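Here is data35.txt, consisting of compact mmCIF, C-alpha atoms and all ligand atoms:
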```txt
# COMPACT_ATOMS: atom_id res chain seq x y z
CA MET G 1 118.49 83.95 87.00
CA PRO G 2 116.71 80.88 85.59
CA ALA G 3 118.44 79.40 82.51
CA THR G 4 116.15 80.25 79.56
CA ASP G 5 116.67 81.38 75.97
CA HIS G 6 114.75 84.60 76.55
CA LYS G 7 114.72 87.38 79.12
CA PRO G 8 112.79 86.31 82.23
CA ARG G 9 109.10 86.92 81.67
CA LEU G 10 107.35 89.05 84.28
CA GLY G 11 103.59 88.88 84.91
CA VAL G 12 101.80 91.26 87.29
CA TRP G 13 98.37 90.01 88.33
CA LYS G 14 95.54 91.77 90.12
CA PHE G 15 92.90 90.21 92.35
CA ALA G 16 90.75 92.07 94.94
CA SER G 17 92.84 95.16 95.67
CA CYS G 18 93.11 98.92 95.20
CA ASP G 19 96.09 98.73 92.75
CA GLY G 20 98.31 100.61 95.21
CA CYS G 21 100.96 97.90 95.27
CA GLN G 22 101.18 97.76 91.47
CA LEU G 23 101.58 101.53 91.56
CA SER G 24 104.62 101.02 93.82
CA LEU G 25 106.23 99.21 90.90
CA LEU G 26 105.34 102.01 88.47
CA ASP G 27 106.59 104.49 91.06
CA CYS G 28 110.07 102.99 90.76
CA GLU G 29 110.64 105.38 87.80
CA ASP G 30 114.39 105.19 86.94
CA GLU G 31 114.74 101.76 88.49
CA LEU G 32 111.68 100.58 86.55
CA LEU G 33 113.54 101.25 83.29
CA ARG G 34 116.35 98.99 84.49
CA VAL G 35 113.80 96.34 85.51
CA ALA G 36 112.12 96.67 82.11
CA ASP G 37 115.52 96.16 80.49
CA ALA G 38 116.27 93.05 82.54
CA VAL G 39 112.91 91.33 82.12
CA GLU G 40 110.27 90.96 79.46
CA ILE G 41 107.08 92.51 80.79
CA ALA G 42 104.70 89.86 79.49
CA TYR G 43 101.56 90.80 81.40
CA PHE G 44 101.04 94.01 83.36
CA PRO G 45 97.73 95.65 82.34
CA GLU G 46 98.35 98.68 84.54
CA ALA G 47 101.51 99.48 82.53
CA THR G 48 101.03 98.07 79.03
CA ARG G 49 98.39 96.66 76.69
CA SER G 50 100.71 93.98 75.36
CA HIS G 51 99.99 90.49 76.65
CA ILE G 52 102.41 87.68 75.92
CA ARG G 53 100.62 84.44 76.70
CA GLY G 54 102.29 81.31 77.94
CA THR G 55 104.38 80.84 81.03
CA TYR G 56 105.94 83.43 83.32
CA ASP G 57 109.29 83.22 85.10
CA LEU G 58 108.19 85.65 87.81
CA SER G 59 104.62 86.48 88.75
CA LEU G 60 103.87 89.31 91.16
CA VAL G 61 100.37 88.85 92.56
CA GLU G 62 98.43 91.70 94.16
CA GLY G 63 95.06 91.30 95.88
CA SER G 64 93.05 88.75 97.81
CA ILE G 65 90.61 86.04 96.78
CA THR G 66 87.01 87.21 97.16
CA THR G 67 85.15 85.49 94.31
CA ALA G 68 84.79 81.93 93.03
CA HIS G 69 86.15 83.10 89.67
CA ASP G 70 89.30 84.48 91.29
CA ALA G 71 89.74 81.25 93.24
CA GLU G 72 89.94 79.46 89.88
CA ARG G 73 92.04 82.15 88.21
CA ILE G 74 94.80 82.01 90.83
CA GLN G 75 95.19 78.27 90.14
CA GLU G 76 95.82 79.11 86.47
CA VAL G 77 98.31 81.86 87.39
CA ARG G 78 100.17 79.39 89.65
CA ARG G 79 100.29 76.75 86.91
CA ARG G 80 101.84 79.23 84.50
CA SER G 81 104.33 80.78 86.96
CA ARG G 82 107.79 79.45 87.74
CA THR G 83 108.09 81.78 90.76
CA LEU G 84 105.07 83.41 92.40
CA VAL G 85 105.51 86.31 94.81
CA THR G 86 102.56 87.90 96.60
CA ILE G 87 102.76 91.66 97.13
CA GLY G 88 100.89 93.68 99.74
CA ALA G 89 98.54 93.20 102.66
CA CYS G 90 95.64 92.13 100.42
CA ALA G 91 97.61 89.28 98.85
CA THR G 92 99.49 88.23 101.99
CA ALA G 93 96.73 88.64 104.61
CA GLY G 94 93.38 89.23 102.88
CA GLY G 95 93.59 93.04 103.16
CA ILE G 96 91.14 95.50 104.68
CA GLN G 97 88.39 93.65 102.81
CA ALA G 98 88.97 90.68 105.15
CA LEU G 99 86.94 92.59 107.75
CA ARG G 100 84.03 90.75 106.12
CA ASN G 101 85.44 87.53 107.58
CA PHE G 102 84.36 88.66 111.04
CA ALA G 103 80.78 89.45 110.00
CA ASP G 104 77.90 88.27 107.86
CA ILE G 105 78.57 89.11 104.20
CA ASP G 106 74.82 89.46 103.52
CA ASP G 107 74.64 92.34 106.01
CA PHE G 108 77.32 94.20 104.03
CA LEU G 109 75.69 93.44 100.68
CA THR G 110 72.31 94.77 101.73
CA ALA G 111 73.83 97.84 103.41
CA VAL G 112 76.02 98.80 100.42
CA TYR G 113 74.20 97.73 97.24
CA ALA G 114 70.75 98.68 96.00
CA HIS G 115 70.56 95.30 94.23
CA PRO G 116 72.64 92.83 96.22
CA GLU G 117 71.21 89.98 94.14
CA TYR G 118 73.55 91.04 91.31
CA ILE G 119 76.68 90.62 93.46
CA GLU G 120 78.52 87.32 93.27
CA THR G 121 81.06 87.11 96.05
CA LEU G 122 82.53 84.71 98.56
CA SER G 123 81.77 85.27 102.23
CA THR G 124 85.51 85.66 102.94
CA SER G 125 88.57 87.51 101.66
CA THR G 126 91.62 85.26 101.94
CA PRO G 127 95.31 85.54 101.17
CA ILE G 128 96.76 83.93 98.05
CA SER G 129 98.71 81.43 100.15
CA ASP G 130 95.40 79.89 101.30
CA HIS G 131 94.84 78.81 97.68
CA VAL G 132 98.20 78.06 96.03
CA ALA G 133 101.86 77.63 96.97
CA VAL G 134 103.63 80.99 97.28
CA ASP G 135 107.39 81.36 96.88
CA PHE G 136 107.77 84.65 98.75
CA GLU G 137 105.46 87.10 100.52
CA LEU G 138 106.21 90.81 100.43
CA ARG G 139 104.20 92.70 103.03
CA GLY G 140 102.90 96.22 103.34
CA CYS G 141 99.96 98.44 102.49
CA PRO G 142 101.31 99.48 100.14
CA ILE G 143 104.57 97.58 99.70
CA SER G 144 107.89 99.38 99.87
CA LYS G 145 109.39 100.00 96.43
CA THR G 146 112.87 99.40 97.86
CA GLN G 147 111.81 95.96 99.06
CA LEU G 148 110.08 95.26 95.75
CA LEU G 149 113.24 96.06 93.81
CA GLU G 150 115.17 93.77 96.18
CA VAL G 151 112.71 90.94 95.43
CA VAL G 152 112.97 91.42 91.65
CA SER G 153 116.75 91.77 91.79
CA ALA G 154 117.07 88.64 94.00
CA PHE G 155 114.96 86.73 91.50
CA LEU G 156 117.17 87.86 88.60
CA ARG G 157 120.26 86.71 90.49
CA GLY G 158 118.69 83.44 91.60
CA ARG G 159 118.95 84.15 95.34
CA ARG G 160 116.52 84.54 98.23
CA PRO G 161 115.34 88.14 98.81
CA VAL G 162 116.74 89.83 101.90
CA THR G 163 114.04 91.83 103.66
CA PRO G 164 114.26 92.66 107.37
CA ALA G 165 112.07 90.67 109.75
CA HIS G 166 112.46 92.95 112.77
CA SER G 167 109.80 95.24 114.23
CA VAL G 168 109.10 98.89 113.47
CA CYS G 169 110.52 99.70 116.93
CA LEU G 170 114.04 98.84 115.76
CA ASP G 171 113.67 101.21 112.79
CA CYS G 172 112.49 103.88 115.23
CA LYS G 173 115.62 103.41 117.32
CA LEU G 174 117.85 103.49 114.24
CA LYS G 175 116.29 106.81 113.24
CA GLY G 176 116.62 108.26 116.73
CA ASN G 177 112.86 108.79 117.07
CA VAL G 178 111.38 109.59 120.45
CA CYS G 179 108.92 106.77 121.27
CA VAL G 180 105.36 108.11 121.04
CA THR G 181 104.09 105.58 123.57
CA VAL G 182 106.74 106.34 126.17
CA ALA G 183 106.74 110.10 125.57
CA HIS G 184 103.00 110.81 125.48
CA GLY G 185 101.09 107.54 125.81
CA THR G 186 100.06 107.22 122.16
CA PRO G 187 99.02 103.63 121.28
CA CYS G 188 101.39 102.15 118.70
CA LEU G 189 101.45 98.80 116.88
CA GLY G 190 105.18 99.18 116.15
CA PRO G 191 106.36 96.52 118.65
CA VAL G 192 104.44 93.76 116.79
CA THR G 193 104.66 95.11 113.22
CA HIS G 194 107.02 94.06 110.46
CA SER G 195 109.63 96.56 109.31
CA GLY G 196 109.27 98.08 105.84
CA CYS G 197 107.94 101.64 106.10
CA ASP G 198 111.05 103.09 107.77
CA ALA G 199 108.93 103.88 110.84
CA LEU G 200 106.96 106.45 108.86
CA CYS G 201 104.16 107.23 111.35
CA PRO G 202 106.28 107.37 114.53
CA SER G 203 108.66 109.66 112.63
CA TYR G 204 105.73 112.09 112.39
CA ASN G 205 104.81 111.64 116.04
CA ARG G 206 101.94 109.20 115.40
CA GLY G 207 101.47 105.61 116.49
CA CYS G 208 102.05 102.80 113.97
CA TYR G 209 98.91 101.41 112.27
CA GLY G 210 100.42 98.00 111.45
CA CYS G 211 100.42 98.37 107.65
CA TYR G 212 103.24 95.83 107.23
CA GLY G 213 101.49 93.13 109.24
CA PRO G 214 102.78 91.04 112.10
CA LYS G 215 106.53 90.66 112.56
CA GLU G 216 107.96 87.21 113.22
CA ASN G 217 106.89 85.90 116.64
CA PRO G 218 105.07 89.05 117.80
CA ASN G 219 104.10 89.30 121.47
CA ALA G 220 100.70 90.87 120.88
CA ALA G 221 99.41 89.84 124.33
CA ALA G 222 102.15 91.91 126.02
CA LEU G 223 101.34 94.90 123.79
CA SER G 224 97.65 94.56 124.68
CA GLU G 225 98.52 94.77 128.36
CA ARG G 226 100.27 98.06 127.66
CA LEU G 227 97.27 99.29 125.62
CA ASP G 228 95.08 98.44 128.59
CA GLN G 229 97.36 100.53 130.86
CA LEU G 230 97.02 103.39 128.35
CA GLY G 231 93.26 103.28 128.88
CA MET G 232 92.08 101.45 125.74
CA ASN G 233 88.99 99.36 126.46
CA PRO G 234 88.54 95.85 124.91
CA SER G 235 86.47 97.14 122.01
CA GLU G 236 89.12 99.75 121.14
CA ARG G 237 91.86 97.13 121.42
CA LEU G 238 89.88 94.84 119.10
CA ARG G 239 89.57 97.56 116.47
CA PHE G 240 93.26 98.45 116.88
CA TYR G 241 94.28 95.06 115.46
CA ARG G 242 91.57 94.97 112.78
CA THR G 243 92.82 97.09 109.92
CA PHE G 244 94.82 96.25 106.79
CA ASN G 245 96.15 92.98 108.21
CA ALA G 246 93.16 92.00 110.34
CA TRP G 247 93.15 88.42 109.04
CA ALA G 248 96.87 87.79 109.60
CA ASP G 249 96.93 85.10 112.30
CA PRO G 250 98.63 86.99 115.19
CA PHE G 251 96.50 90.11 114.72
CA ARG G 252 93.30 88.08 114.17
CA GLU G 253 93.89 85.93 117.25
CA GLU G 254 94.72 88.94 119.44
CA SER G 255 91.63 90.85 118.25
CA GLU G 256 89.44 87.82 118.96
CA ARG G 257 90.74 87.71 122.54
CA HIS G 258 89.07 91.08 123.07
CA GLU G 259 85.78 90.11 121.43
CA SER G 260 83.79 89.39 124.57
S1 LIG D 301 97.90 96.11 100.16
FE1 LIG D 301 97.06 98.18 100.40
S2 LIG D 301 98.00 99.40 98.75
FE2 LIG D 301 98.30 97.21 98.22
S3 LIG D 301 96.56 96.71 96.89
FE3 LIG D 301 95.95 96.16 99.00
S4 LIG D 301 94.89 98.00 99.80
FE4 LIG D 301 96.03 98.63 97.96
S1 LIG D 302 107.00 104.86 118.60
FE1 LIG D 302 106.06 102.84 118.28
S2 LIG D 302 107.42 101.85 116.82
FE2 LIG D 302 108.56 103.56 117.67
S3 LIG D 302 109.69 102.70 119.43
FE3 LIG D 302 107.74 103.50 120.23
S4 LIG D 302 106.36 101.72 120.22
FE4 LIG D 302 108.08 101.24 118.85
```
Whole structure given in structure tokens:
Amino acid sequence: MPATDHKPRLGVWKFASCDGCQLSLLDCEDELLRVADAVEIAYFPEATRSHIRGTYDLSLVEGSITTAHDAERIQEVRRRSRTLVTIGACATAGGIQALRNFADIDDFLTAVYAHPEYIETLSTSTPISDHVAVDFELRGCPISKTQLLEVVSAFLRGRRPVTPAHSVCLDCKLKGNVCVTVAHGTPCLGPVTHSGCDALCPSYNRGCYGCYGPKENPNAAALSERLDQLGMNPSERLRFYRTFNAWADPFREESERHES
């Protein structure tokens, strides 16, 4: 834990997001009380009205950058944060809203809003790490509360968080799941997706949707070959990679290979 004369100050910041990752922190229930005892919750609008201004020992940042105002605000958050951790697919990869990055933002604005002239937005949704230095990225849509508690606890003890970097497939094997792709040809992103959900979808006989983003060194090209053998055409393969982590490099690059 950093040497200070007060409890470590925690700030929880929201950018473009659905709040689901902040809810994972509130969902910690009993553990949240222990966290609240170990830190001073200095800024967390979803949980408390109190706002202690100044600097923060740990900032958890949810959401992506989609407006010029937020691009400035994240610089201020970084300046005031000793350690900055991004939480969730929006903050680490741009989120589902990064689908705009593949299209013309004006087309979306005119299709969705009666008065698009009132909307001030950037043409892209980008991860926090594109704008400021990030000390640790916690993936998932939403994040795992177990992994979140590990990150907070590692920070309090002054060590690096330990979160697995293997694929969902390994979790499947550890749980003794029957592989949905092998057993009945269901497309599954598990081989290229970061662990974190405890293989939730394959455990219910469904393919993985890639909520936790790309694992380290994913072989997406090999998976695409298998998807091809399963009968997915290029347009279906493109859409397969373009969900919550569409703008994460390995998924973006693989989806673009199927664009033509
Ligand atoms: S990563 Fe998913 S759950 Fe978290 S804020 Fe973004 S959309 Fe919501
Ligand atoms: S079901 Fe999906 S995640 Fe599980 S082993 Fe098969 S390919 Fe991997």
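Relative to atom CA of Val77 of chain G, atom CA of Thr126 of chain G is found at 16.4 Å.
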At most 7 Å is the cut-off: for each residue in chain G with any atom that close to an atom of ligand LIG 301 (chain D), write down the nearest atom pair and the distance in Å rounded to one decimal, counting only C-alpha atoms and all ligand atoms, chain first then increasing number, as a Markdown table.
```
| residue | atom | partner | partner_atom | distance |
| --- | --- | --- | --- | --- |
| G:Ser17 | CA | D:LIG301 | S3 | 4.2 |
| G:Cys18 | CA | D:LIG301 | FE4 | 4.0 |
| G:Asp19 | CA | D:LIG301 | S3 | 4.6 |
| G:Gly20 | CA | D:LIG301 | S2 | 3.8 |
| G:Cys21 | CA | D:LIG301 | FE2 | 4.0 |
| G:Glu62 | CA | D:LIG301 | S3 | 6.0 |
| G:Gly63 | CA | D:LIG301 | S3 | 5.7 |
| G:Gly88 | CA | D:LIG301 | S1 | 3.9 |
| G:Ala89 | CA | D:LIG301 | S1 | 3.9 |
| G:Cys90 | CA | D:LIG301 | FE3 | 4.3 |
| G:Ala91 | CA | D:LIG301 | S1 | 7.0 |
| G:Gly95 | CA | D:LIG301 | FE3 | 5.7 |
| G:Ile96 | CA | D:LIG301 | S4 | 6.6 |
| G:Gly140 | CA | D:LIG301 | S1 | 5.9 |
| G:Cys141 | CA | D:LIG301 | FE1 | 3.6 |
| G:Pro142 | CA | D:LIG301 | S2 | 3.6 |
| G:Ile143 | CA | D:LIG301 | FE2 | 6.5 |
```
Could you save the residues just selected, with C-alpha atoms, as a PDB file, keeping the file's coordinate frame?
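Final output, saved to again20.pdb:
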```pdb
ATOM      1  CA  SER G  17      92.840  95.160  95.670  1.00  0.00           C
ATOM      2  CA  CYS G  18      93.110  98.920  95.200  1.00  0.00           C
ATOM      3  CA  ASP G  19      96.090  98.730  92.750  1.00  0.00           C
ATOM      4  CA  GLY G  20      98.310 100.610  95.210  1.00  0.00           C
ATOM      5  CA  CYS G  21     100.960  97.900  95.270  1.00  0.00           C
ATOM      6  CA  GLU G  62      98.430  91.700  94.160  1.00  0.00           C
ATOM      7  CA  GLY G  63      95.060  91.300  95.880  1.00  0.00           C
ATOM      8  CA  GLY G  88     100.890  93.680  99.740  1.00  0.00           C
ATOM      9  CA  ALA G  89      98.540  93.200 102.660  1.00  0.00           C
ATOM     10  CA  CYS G  90      95.640  92.130 100.420  1.00  0.00           C
ATOM     11  CA  ALA G  91      97.610  89.280  98.850  1.00  0.00           C
ATOM     12  CA  GLY G  95      93.590  93.040 103.160  1.00  0.00           C
ATOM     13  CA  ILE G  96      91.140  95.500 104.680  1.00  0.00           C
ATOM     14  CA  GLY G 140     102.900  96.220 103.340  1.00  0.00           C
ATOM     15  CA  CYS G 141      99.960  98.440 102.490  1.00  0.00           C
ATOM     16  CA  PRO G 142     101.310  99.480 100.140  1.00  0.00           C
ATOM     17  CA  ILE G 143     104.570  97.580  99.700  1.00  0.00           C
TER      18      ILE G 143
END
```
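Checking G:Val85, G:Cys179, G:Ala220, G:Ala42 one by one against Tyr204 of chain G, counting all atoms listed in the file, you find the shortest gap at G:Cys179.
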**Complete:** Of G:Arg242, G:Lys175, G:Arg79, G:Arg160, the one nearest to ligand LIG 302 (chain D) when counting only C-alpha atoms and all ligand atoms is G:Lys175
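Distances here use all atoms listed in the file; by that measure, the residue among G:Leu25, G:Cys169, G:Ala111, G:Val134 closest to Pro191 of chain G is G:Cys169.
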**Fill in**
Of G:Phe244, G:Phe15, G:Tyr209, G:Tyr43, the one nearest to ligand LIG 302 (chain D) when counting only C-alpha atoms and all ligand atoms is G:Tyr209
**Prompt:** Once you count all atoms listed in the file, which residues end up within 9 Å of ligand LIG 302 (chain D), and could you hand them over as number ranges by chain?
**Reply:** G: 167-173, 177-183, 186-193, 199, 201-203, 205-208
Could you save the residues just selected, with C-alpha atoms, as an mmCIF file, in the frame of the given file?
```cif
data_model
loop_
_atom_site.group_PDB
_atom_site.id
_atom_site.type_symbol
_atom_site.label_atom_id
_atom_site.label_comp_id
_atom_site.auth_asym_id
_atom_site.auth_seq_id
_atom_site.Cartn_x
_atom_site.Cartn_y
_atom_site.Cartn_z
ATOM 1 C CA SER G 167 109.800 95.240 114.230
ATOM 2 C CA VAL G 168 109.100 98.890 113.470
ATOM 3 C CA CYS G 169 110.520 99.700 116.930
ATOM 4 C CA LEU G 170 114.040 98.840 115.760
ATOM 5 C CA ASP G 171 113.670 101.210 112.790
ATOM 6 C CA CYS G 172 112.490 103.880 115.230
ATOM 7 C CA LYS G 173 115.620 103.410 117.320
ATOM 8 C CA ASN G 177 112.860 108.790 117.070
ATOM 9 C CA VAL G 178 111.380 109.590 120.450
ATOM 10 C CA CYS G 179 108.920 106.770 121.270
ATOM 11 C CA VAL G 180 105.360 108.110 121.040
ATOM 12 C CA THR G 181 104.090 105.580 123.570
ATOM 13 C CA VAL G 182 106.740 106.340 126.170
ATOM 14 C CA ALA G 183 106.740 110.100 125.570
ATOM 15 C CA THR G 186 100.060 107.220 122.160
ATOM 16 C CA PRO G 187 99.020 103.630 121.280
ATOM 17 C CA CYS G 188 101.390 102.150 118.700
ATOM 18 C CA LEU G 189 101.450 98.800 116.880
ATOM 19 C CA GLY G 190 105.180 99.180 116.150
ATOM 20 C CA PRO G 191 106.360 96.520 118.650
ATOM 21 C CA VAL G 192 104.440 93.760 116.790
ATOM 22 C CA THR G 193 104.660 95.110 113.220
ATOM 23 C CA ALA G 199 108.930 103.880 110.840
ATOM 24 C CA CYS G 201 104.160 107.230 111.350
ATOM 25 C CA PRO G 202 106.280 107.370 114.530
ATOM 26 C CA SER G 203 108.660 109.660 112.630
ATOM 27 C CA ASN G 205 104.810 111.640 116.040
ATOM 28 C CA ARG G 206 101.940 109.200 115.400
ATOM 29 C CA GLY G 207 101.470 105.610 116.490
ATOM 30 C CA CYS G 208 102.050 102.800 113.970
#
```
**Message:** Residues within 10 Å of Ala36 of chain G, please, as a PyMOL selection string. Count all atoms listed in the file; anything in the same chain fewer than 5 positions from it doesn't count.
**Reply:** chain G and resi 10+31+41
**Asked** Which residues, protein or nucleic acid, reach to within 8 Å of (94.5, 85.8, 126.7) in the file's coordinates when using all atoms listed in the file, and can you give that as an MDAnalysis selection string?
**Response** chainID G and resid 221 254 257
Next, the residues of the selection above should be written as an mmCIF file, keeping the file's coordinate frame with C-alpha atoms.
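Dumped everything to selection-v1.cif:
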```cif
data_model
loop_
_atom_site.group_PDB
_atom_site.id
_atom_site.type_symbol
_atom_site.label_atom_id
_atom_site.label_comp_id
_atom_site.auth_asym_id
_atom_site.auth_seq_id
_atom_site.Cartn_x
_atom_site.Cartn_y
_atom_site.Cartn_z
ATOM 1 C CA ALA G 221 99.410 89.840 124.330
ATOM 2 C CA GLU G 254 94.720 88.940 119.440
ATOM 3 C CA ARG G 257 90.740 87.710 122.540
#
```
**Request:** Skip Leu84 of chain G itself and residues of its chain fewer than 4 positions away, then list as a ChimeraX atom specification all residues within 10 Å of it, counting only C-alpha atoms.
**Result:** /G:11-12,56-61,77-80,132-137
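Here atom CA of Ala248 of chain G and atom CA of Ile87 of chain G stand 14.3 Å from one another.
From atom CA of Phe240 of chain G back to atom CA of Ser255 of chain G, the distance works out to 7.9 Å.
Proximity ranking of G:Ala47, G:Leu156, G:Ala38, G:Ala16 relative to Thr124 of chain G places G:Ala16 first, based on only C-alpha atoms.
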